[in-house]
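Colleague: File start-v1.csv below, CSV, C-alpha atoms:
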```csv
chain,number,residue,atom,x,y,z
A,1,MET,CA,1.6,-1.2,-24.3
A,2,ASP,CA,-0.6,1.6,-23.1
A,3,LEU,CA,0.5,4.4,-20.8
A,4,VAL,CA,-1.5,5.6,-17.8
A,5,VAL,CA,-0.6,9.0,-16.4
A,6,GLN,CA,-2.3,10.6,-13.4
A,7,ALA,CA,-1.8,13.4,-10.9
A,8,PRO,CA,-3.9,15.8,-8.8
A,9,VAL,CA,-3.6,18.2,-11.8
A,10,ILE,CA,-2.4,17.6,-15.3
A,11,GLY,CA,-2.2,20.5,-17.7
A,12,ALA,CA,-2.9,20.3,-21.4
A,13,GLU,CA,0.7,21.2,-22.2
A,14,GLU,CA,2.0,18.4,-20.0
A,15,LEU,CA,-0.4,15.9,-21.6
A,16,ALA,CA,0.6,17.0,-25.1
A,17,GLN,CA,4.3,16.6,-24.2
A,18,ILE,CA,3.8,13.1,-22.8
A,19,ALA,CA,1.8,12.1,-25.9
A,20,ALA,CA,4.6,13.4,-28.1
A,21,LEU,CA,7.3,11.5,-26.1
A,22,CYS,CA,5.5,8.2,-26.3
A,23,GLY,CA,4.1,8.7,-29.8
A,24,SER,CA,0.5,7.9,-28.9
A,25,GLN,CA,-2.3,9.2,-31.1
A,26,SER,CA,-5.0,8.1,-28.8
A,27,VAL,CA,-5.5,9.9,-25.4
A,28,ARG,CA,-8.6,8.9,-23.3
A,29,ALA,CA,-9.6,10.6,-20.1
A,30,ILE,CA,-10.3,8.0,-17.4
A,31,ASP,CA,-13.6,8.8,-15.7
A,32,SER,CA,-12.3,9.2,-12.2
A,33,ALA,CA,-13.6,10.9,-9.0
A,34,GLY,CA,-10.0,10.8,-7.8
A,35,PRO,CA,-6.9,12.1,-9.6
A,36,ARG,CA,-6.9,13.4,-13.1
A,37,ALA,CA,-6.0,10.4,-15.2
A,38,TYR,CA,-5.5,9.5,-18.9
A,39,ARG,CA,-4.8,6.4,-20.8
A,40,LEU,CA,-2.6,6.7,-23.9
A,41,ALA,CA,-3.0,3.8,-26.2
A,42,ARG,CA,-0.5,2.0,-28.5
A,43,ILE,CA,2.6,3.8,-27.4
A,44,GLU,CA,5.6,3.7,-29.7
A,45,SER,CA,8.4,4.8,-27.3
A,46,ARG,CA,9.1,4.9,-23.6
A,47,ALA,CA,12.2,7.1,-23.9
A,48,GLY,CA,12.0,10.1,-21.7
A,49,VAL,CA,8.5,9.5,-20.4
A,50,ALA,CA,9.4,8.4,-16.8
A,51,ASP,CA,11.9,11.3,-16.4
A,52,TYR,CA,9.5,13.9,-17.7
A,53,CYS,CA,6.6,12.6,-15.5
A,54,SER,CA,8.9,12.5,-12.4
A,55,ALA,CA,10.0,16.1,-12.9
A,56,ALA,CA,6.3,17.1,-13.3
A,57,ARG,CA,5.2,15.1,-10.3
A,58,ILE,CA,3.0,12.9,-12.4
A,59,ASP,CA,2.5,9.1,-11.8
A,60,CYS,CA,3.0,7.1,-14.9
A,61,ALA,CA,2.7,3.4,-15.7
A,62,PHE,CA,3.1,1.3,-18.8
A,63,VAL,CA,0.3,-1.2,-18.8
A,64,ALA,CA,-0.9,-4.1,-21.0
A,65,PRO,CA,-4.1,-3.3,-23.0
A,66,ASP,CA,-5.8,-6.2,-21.3
A,67,MET,CA,-5.0,-5.0,-17.8
A,68,VAL,CA,-8.6,-4.2,-16.8
A,69,ARG,CA,-10.4,-4.0,-13.5
A,70,ASP,CA,-12.7,-7.0,-13.8
A,71,ARG,CA,-9.6,-9.3,-14.0
A,72,VAL,CA,-8.6,-8.5,-10.4
A,73,GLY,CA,-9.6,-11.2,-8.0
A,74,LEU,CA,-7.5,-10.3,-5.0
A,75,VAL,CA,-6.0,-7.1,-3.6
A,76,ALA,CA,-3.7,-7.3,-0.6
A,77,MET,CA,-2.2,-4.3,1.1
A,78,ASP,CA,0.0,-3.3,3.9
A,79,MET,CA,-1.6,-1.2,6.7
A,80,ASP,CA,0.9,1.4,8.1
A,81,SER,CA,1.8,4.1,5.7
A,82,THR,CA,-0.2,2.3,3.0
A,83,LEU,CA,-3.9,1.8,3.9
A,84,ILE,CA,-3.5,4.3,6.6
A,85,ALA,CA,-1.4,7.5,6.7
A,86,ILE,CA,0.4,6.8,10.0
A,87,GLU,CA,2.8,4.3,11.6
A,88,CYS,CA,0.7,3.1,14.5
A,89,VAL,CA,3.7,2.0,16.6
A,90,ASP,CA,5.3,5.4,16.2
A,91,GLU,CA,2.1,7.1,17.4
A,92,ILE,CA,1.7,4.8,20.4
A,93,ALA,CA,5.3,5.6,21.2
A,94,ASP,CA,4.5,9.3,21.0
A,95,LEU,CA,2.0,9.0,23.8
A,96,ALA,CA,4.9,7.5,25.9
A,97,GLY,CA,7.2,10.3,25.0
A,98,ILE,CA,9.6,8.1,23.0
A,99,LYS,CA,8.5,8.6,19.4
A,100,PRO,CA,11.9,9.7,18.0
A,101,GLU,CA,13.6,6.6,19.3
A,102,VAL,CA,10.9,4.2,18.0
A,103,ALA,CA,10.4,6.1,14.7
A,104,ALA,CA,14.1,5.8,14.0
A,105,ILE,CA,13.9,2.0,14.3
A,106,THR,CA,10.7,1.9,12.2
A,107,ALA,CA,12.3,3.9,9.4
A,108,SER,CA,15.5,1.8,9.4
A,109,ALA,CA,13.4,-1.4,9.1
A,110,MET,CA,11.3,-0.1,6.3
A,111,ARG,CA,14.4,0.8,4.4
A,112,GLY,CA,15.6,-2.8,4.8
A,113,GLU,CA,18.6,-1.8,6.9
A,114,ILE,CA,17.7,-4.0,9.9
A,115,ASP,CA,15.6,-7.2,10.2
A,116,PHE,CA,11.9,-6.6,10.7
A,117,ARG,CA,11.5,-9.2,13.4
A,118,GLU,CA,14.3,-7.6,15.4
A,119,SER,CA,13.0,-4.1,14.9
A,120,LEU,CA,9.5,-5.1,16.0
A,121,GLU,CA,10.7,-6.8,19.2
A,122,ARG,CA,12.8,-3.7,20.0
A,123,ARG,CA,10.0,-1.3,19.4
A,124,VAL,CA,7.4,-3.2,21.3
A,125,ALA,CA,9.7,-3.7,24.3
A,126,LEU,CA,10.0,0.1,24.5
A,127,LEU,CA,6.2,0.3,25.0
A,128,SER,CA,6.2,-1.8,28.1
A,129,ASP,CA,3.9,-0.5,30.9
A,130,LEU,CA,2.0,1.8,28.6
A,131,PRO,CA,-1.7,1.7,29.3
A,132,GLU,CA,-3.8,-0.3,26.9
A,133,GLU,CA,-6.1,2.6,26.5
A,134,SER,CA,-3.3,4.4,24.6
A,135,LEU,CA,-4.1,2.1,21.6
A,136,LEU,CA,-7.7,3.4,21.4
A,137,ARG,CA,-6.5,7.0,21.7
A,138,VAL,CA,-4.3,6.4,18.6
A,139,TYR,CA,-7.1,4.8,16.7
A,140,ASP,CA,-9.7,7.5,17.6
A,141,GLU,CA,-7.5,10.6,17.5
A,142,ARG,CA,-4.6,9.9,15.1
A,143,LEU,CA,-5.4,7.1,12.6
A,144,LYS,CA,-6.4,8.5,9.2
A,145,LEU,CA,-7.0,6.5,6.0
A,146,SER,CA,-4.7,7.3,3.1
A,147,PRO,CA,-6.4,9.5,0.5
A,148,GLY,CA,-8.6,7.5,-1.8
A,149,ALA,CA,-8.5,4.3,0.3
A,150,GLU,CA,-12.2,3.8,0.6
A,151,ARG,CA,-12.8,4.5,-3.1
A,152,MET,CA,-10.1,2.0,-4.1
A,153,ILE,CA,-11.6,-0.7,-1.9
A,154,ALA,CA,-15.1,-0.1,-3.2
A,155,GLY,CA,-13.9,-0.1,-6.8
A,156,PHE,CA,-12.2,-3.5,-6.5
A,157,LYS,CA,-15.0,-5.0,-4.4
A,158,ALA,CA,-17.5,-4.0,-7.1
A,159,VAL,CA,-15.8,-6.4,-9.5
A,160,GLY,CA,-15.8,-9.2,-6.9
A,161,ALA,CA,-12.2,-9.0,-5.7
A,162,LYS,CA,-11.3,-10.1,-2.2
A,163,ILE,CA,-9.5,-7.6,0.0
A,164,LEU,CA,-6.7,-8.7,2.3
A,165,LEU,CA,-5.0,-6.5,4.9
A,166,VAL,CA,-1.6,-7.9,5.8
A,167,SER,CA,0.3,-6.0,8.4
A,168,GLY,CA,3.4,-6.2,10.6
A,169,GLY,CA,1.5,-3.9,12.9
A,170,PHE,CA,-1.1,-4.8,15.4
A,171,THR,CA,-4.5,-6.6,15.4
A,172,PHE,CA,-5.9,-3.9,17.6
A,173,PHE,CA,-6.0,-1.7,14.5
A,174,THR,CA,-6.4,-4.2,11.7
A,175,GLU,CA,-9.6,-5.7,13.3
A,176,ARG,CA,-11.2,-2.3,13.7
A,177,LEU,CA,-10.3,-1.5,10.1
A,178,ARG,CA,-11.7,-4.9,9.0
A,179,THR,CA,-15.1,-4.0,10.4
A,180,ARG,CA,-15.0,-0.4,9.3
A,181,LEU,CA,-14.1,-1.1,5.7
A,182,ALA,CA,-15.7,-4.6,5.3
A,183,LEU,CA,-12.4,-6.2,4.5
A,184,ASP,CA,-12.4,-9.9,3.8
A,185,GLU,CA,-9.4,-10.9,5.9
A,186,THR,CA,-6.6,-9.4,8.0
A,187,ILE,CA,-3.4,-10.7,9.5
A,188,ALA,CA,-1.2,-8.8,12.1
A,189,ASN,CA,0.6,-9.1,15.4
A,190,THR,CA,-1.1,-9.2,18.8
A,191,LEU,CA,0.3,-7.1,21.5
A,192,ASP,CA,0.4,-8.8,24.9
A,193,VAL,CA,-1.5,-7.0,27.7
A,194,ALA,CA,-1.6,-7.7,31.4
A,195,ASP,CA,-3.5,-5.7,34.1
A,196,GLY,CA,-4.4,-3.1,31.5
A,197,LYS,CA,-0.9,-2.4,30.4
A,198,LEU,CA,1.3,-3.5,27.5
A,199,THR,CA,3.9,-6.0,28.6
A,200,GLY,CA,6.4,-5.2,25.8
A,201,ARG,CA,5.9,-8.5,24.1
A,202,ILE,CA,4.0,-10.0,21.2
A,203,THR,CA,1.6,-12.9,21.7
A,204,GLY,CA,1.8,-15.7,19.2
A,205,PRO,CA,3.9,-16.0,16.0
A,206,ILE,CA,5.3,-12.7,14.7
A,207,VAL,CA,3.9,-11.6,11.4
A,208,ASP,CA,7.0,-10.6,9.4
A,209,ALA,CA,7.7,-10.3,5.7
A,210,GLN,CA,7.6,-14.1,5.1
A,211,ALA,CA,4.3,-14.5,7.1
A,212,LYS,CA,2.7,-11.8,5.0
A,213,ALA,CA,3.8,-13.4,1.8
A,214,ARG,CA,2.6,-16.9,2.9
A,215,ARG,CA,-0.9,-15.6,3.7
A,216,PHE,CA,-1.0,-13.7,0.5
A,217,ALA,CA,0.0,-16.8,-1.5
A,218,ALA,CA,-2.5,-19.0,0.3
A,219,LEU,CA,-5.4,-16.6,-0.4
A,220,ARG,CA,-4.2,-16.2,-3.9
A,221,ALA,CA,-4.4,-20.0,-4.4
A,222,GLN,CA,-8.0,-19.9,-3.2
A,223,CYS,CA,-9.2,-16.8,-5.1
A,224,ILE,CA,-7.4,-16.7,-8.4
A,225,ALA,CA,-8.7,-18.7,-11.4
A,226,ASN,CA,-9.9,-18.3,-14.9
A,227,GLY,CA,-7.4,-15.6,-15.9
A,228,ARG,CA,-7.9,-13.4,-12.8
A,229,ILE,CA,-4.9,-11.7,-11.2
A,230,ALA,CA,-3.7,-10.8,-7.7
A,231,VAL,CA,-2.5,-7.3,-6.8
A,232,ALA,CA,-0.3,-6.4,-3.8
A,233,ILE,CA,0.4,-2.9,-2.5
A,234,GLY,CA,3.0,-1.9,0.0
A,235,ASP,CA,5.6,0.7,1.0
A,236,GLY,CA,8.4,-0.9,3.0
A,237,ALA,CA,11.1,-3.7,2.8
A,238,ASN,CA,8.8,-5.9,4.9
A,239,ASP,CA,6.4,-6.0,1.9
A,240,LEU,CA,8.8,-7.1,-0.7
A,241,PRO,CA,8.2,-10.9,-0.5
A,242,MET,CA,4.5,-10.3,-0.8
A,243,LEU,CA,5.0,-7.9,-3.8
A,244,ARG,CA,7.2,-10.5,-5.5
A,245,ALA,CA,4.4,-13.1,-5.2
A,246,ALA,CA,1.8,-10.9,-6.8
A,247,ASP,CA,0.8,-10.7,-10.5
A,248,ILE,CA,0.8,-6.9,-10.2
A,249,SER,CA,2.9,-5.2,-7.5
A,250,ILE,CA,2.5,-1.6,-6.6
A,251,ALA,CA,4.7,0.6,-4.4
A,252,TYR,CA,2.6,3.3,-2.7
A,253,ARG,CA,4.6,6.4,-1.6
A,254,ALA,CA,7.3,3.8,-0.9
A,255,LYS,CA,10.9,3.6,0.1
A,256,PRO,CA,13.3,3.7,-2.8
A,257,LEU,CA,14.2,0.0,-2.3
A,258,VAL,CA,10.5,-0.9,-2.8
A,259,ARG,CA,9.9,1.5,-5.6
A,260,ALA,CA,12.8,0.0,-7.5
A,261,GLN,CA,11.5,-3.6,-7.3
A,262,ALA,CA,7.7,-3.0,-7.7
A,263,MET,CA,6.1,-3.1,-11.2
A,264,TYR,CA,4.4,0.2,-10.6
A,265,ALA,CA,4.7,3.1,-8.2
A,266,ILE,CA,2.2,5.7,-7.0
A,267,ASP,CA,4.1,8.6,-5.6
A,268,TYR,CA,1.9,11.7,-6.0
A,269,CYS,CA,-1.7,10.5,-6.0
A,270,GLY,CA,-3.9,8.7,-3.5
A,271,LEU,CA,-4.7,5.0,-3.3
A,272,ASP,CA,-7.6,5.4,-5.7
A,273,ALA,CA,-5.0,5.9,-8.4
A,274,VAL,CA,-4.5,2.2,-8.3
A,275,LEU,CA,-7.9,1.8,-9.8
A,276,ASN,CA,-6.9,3.8,-12.9
A,277,LEU,CA,-4.1,1.4,-13.7
A,278,PHE,CA,-6.9,-1.1,-14.6
A,279,ALA,CA,-9.3,1.4,-16.3
```
Would you mind writing the structure in this file as structure tokens?
Modeller:
Amino acid sequence: MDLVVQAPVIGAEELAQIAALCGSQSVRAIDSAGPRAYRLARIESRAGVADYCSAARIDCAFVAPDMVRDRVGLVAMDMDSTLIAIECVDEIADLAGIKPEVAAITASAMRGEIDFRESLERRVALLSDLPEESLLRVYDERLKLSPGAERMIAGFKAVGAKILLVSGGFTFFTERLRTRLALDETIANTLDVADGKLTGRITGPIVDAQAKARRFAALRAQCIANGRIAVAIGDGANDLPMLRAADISIAYRAKPLVRAQAMYAIDYCGLDAVLNLFA
């Protein structure tokens, strides 16, 4: 196995200590416009590496030598708190003056404490009678891409990978992001609107964890052949079925439940750190 380590800053002493722990004699700097990243080849031991890196706030990943970027044929990611740095439903609720109540339900669902479908219906019901124009205000004034998002997407598209955005959030945002980032496909929930106001209901089938995983699996079947692989990135319990269906699963600044089950975790770097796992 090889070891990839990356962080906004990695000092020479830290790198030397990691090399000593894993027994690697080959340290290669990854040419990256994002975080400082290094690949240590032919490691002899994993003992103590993860604990040291965690204490130093360094992301680390043990990867196979043949885990290279041009093998990636599909990248699927969650939207809220993954592709973007906000939870859209919480920010919509903030405009209605009920953010704490809605955010508490969101957090509980992402930790896996309550069913996502139930949590979504409860949160959307609280938004009843809010003007539809509030959605545009959130998009224009509050929605920010996660650090490194555009660079990550461009890097995978450069090797021919398809990009799928799968969200338990809302099509109002996913469709705008699809156009903005030239994504190949999106799936999300549609908020019901009547007379210019939210009704507090969802139109059509609810996109929950199972729906996300099914769409990922279907696109994987279409896109993946000849030794290519499918990557999934998420942060909450609602992403777990999709992550389990992936060849490579990545927890991005994720809840502990998700971090524990994903193959890799990015805790300290931006989304472009995902590219370095395949360098």
Colleague: What's the separation between atom CA of A:Phe170 and atom CA of A:Ala254, in Å to one decimal place?
Modeller: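 The value is 20.3 Å.
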Colleague: Nearest to A:Arg39: which of A:Val72, A:Ala188, A:Ala20, A:Leu3 is it, counting only C-alpha atoms?
Modeller: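 With only C-alpha atoms as the atom set, the closest residue is A:Leu3.
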Colleague: So, with all atoms listed in the file as the atoms that count, which of A:Asn276, A:Thr174, A:Ser134, A:Ser128 lies closest to A:Met77?
Modeller: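 That would be A:Thr174, the residue with the smallest distance to A:Met77.
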Colleague: Give the answer as one residue: which of A:Gly23, A:Gly227, A:Gly11, A:Gly270 has the shortest atom-to-atom distance to A:Arg151, using only C-alpha atoms?
Modeller: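 The answer is A:Gly270, which sits nearest to A:Arg151.
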Colleague: List the neighbours of A:Pro8 out to 7 Å using all atoms listed in the file; skip same-chain residues closer than 5 positions along the sequence, and give me the result as a list in words.
Modeller: Pro35, Arg36 and Cys269 of chain A
Colleague: Using all atoms listed in the file, find each residue in stretch 168-220 of chain A having at least one atom no more than 12 Å away from stretch 80-88 of chain A; report its shortest atom-to-atom pair and that distance in Å (one decimal), rows by chain then rising number, as JSON lines.
Modeller:
```
{"residue": "A:Gly168", "atom": "CA", "partner": "A:Asp80", "partner_atom": "CA", "distance": 8.4}
{"residue": "A:Gly169", "atom": "CA", "partner": "A:Asp80", "partner_atom": "CA", "distance": 7.2}
{"residue": "A:Phe170", "atom": "CA", "partner": "A:Cys88", "partner_atom": "CA", "distance": 8.2}
{"residue": "A:Thr171", "atom": "CA", "partner": "A:Cys88", "partner_atom": "CA", "distance": 11.0}
{"residue": "A:Phe172", "atom": "CA", "partner": "A:Cys88", "partner_atom": "CA", "distance": 10.1}
{"residue": "A:Phe173", "atom": "CA", "partner": "A:Cys88", "partner_atom": "CA", "distance": 8.2}
{"residue": "A:Thr174", "atom": "CA", "partner": "A:Asp80", "partner_atom": "CA", "distance": 9.9}
{"residue": "A:Leu177", "atom": "CA", "partner": "A:Leu83", "partner_atom": "CA", "distance": 9.5}
{"residue": "A:Arg178", "atom": "CA", "partner": "A:Leu83", "partner_atom": "CA", "distance": 11.5}
{"residue": "A:Leu181", "atom": "CA", "partner": "A:Leu83", "partner_atom": "CA", "distance": 10.8}
{"residue": "A:Leu183", "atom": "CA", "partner": "A:Leu83", "partner_atom": "CA", "distance": 11.7}
{"residue": "A:Ala188", "atom": "CA", "partner": "A:Asp80", "partner_atom": "CA", "distance": 11.2}
```
Colleague: What's around A:Ala221 at 12 Å? Count all atoms listed in the file, leave out sequence neighbours fewer than 3 positions away in its own chain, and write the answer as JSON, numbers by chain.
Modeller: {"A": [73, 74, 214, 215, 216, 217, 218, 224, 225, 226, 228, 229, 230, 245, 246]}
Colleague: Only C-alpha atoms, please: the residues just picked out, written as a PDB file, in the frame of the given file.
Modeller:
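And here's selection-v8.pdb as it stands now:
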```
ATOM      1  CA  GLY A  73      -9.600 -11.200  -8.000  1.00  0.00           C
ATOM      2  CA  LEU A  74      -7.500 -10.300  -5.000  1.00  0.00           C
ATOM      3  CA  ARG A 214       2.600 -16.900   2.900  1.00  0.00           C
ATOM      4  CA  ARG A 215      -0.900 -15.600   3.700  1.00  0.00           C
ATOM      5  CA  PHE A 216      -1.000 -13.700   0.500  1.00  0.00           C
ATOM      6  CA  ALA A 217       0.000 -16.800  -1.500  1.00  0.00           C
ATOM      7  CA  ALA A 218      -2.500 -19.000   0.300  1.00  0.00           C
ATOM      8  CA  ILE A 224      -7.400 -16.700  -8.400  1.00  0.00           C
ATOM      9  CA  ALA A 225      -8.700 -18.700 -11.400  1.00  0.00           C
ATOM     10  CA  ASN A 226      -9.900 -18.300 -14.900  1.00  0.00           C
ATOM     11  CA  ARG A 228      -7.900 -13.400 -12.800  1.00  0.00           C
ATOM     12  CA  ILE A 229      -4.900 -11.700 -11.200  1.00  0.00           C
ATOM     13  CA  ALA A 230      -3.700 -10.800  -7.700  1.00  0.00           C
ATOM     14  CA  ALA A 245       4.400 -13.100  -5.200  1.00  0.00           C
ATOM     15  CA  ALA A 246       1.800 -10.900  -6.800  1.00  0.00           C
TER      16      ALA A 246
END
```
Colleague: When you draw a straight line from atom CA of A:Glu141 to atom CA of A:Lys99, how long is it in Å?
Modeller: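 According to the coordinates, atom CA of A:Glu141 and atom CA of A:Lys99 are separated by 16.2 Å.
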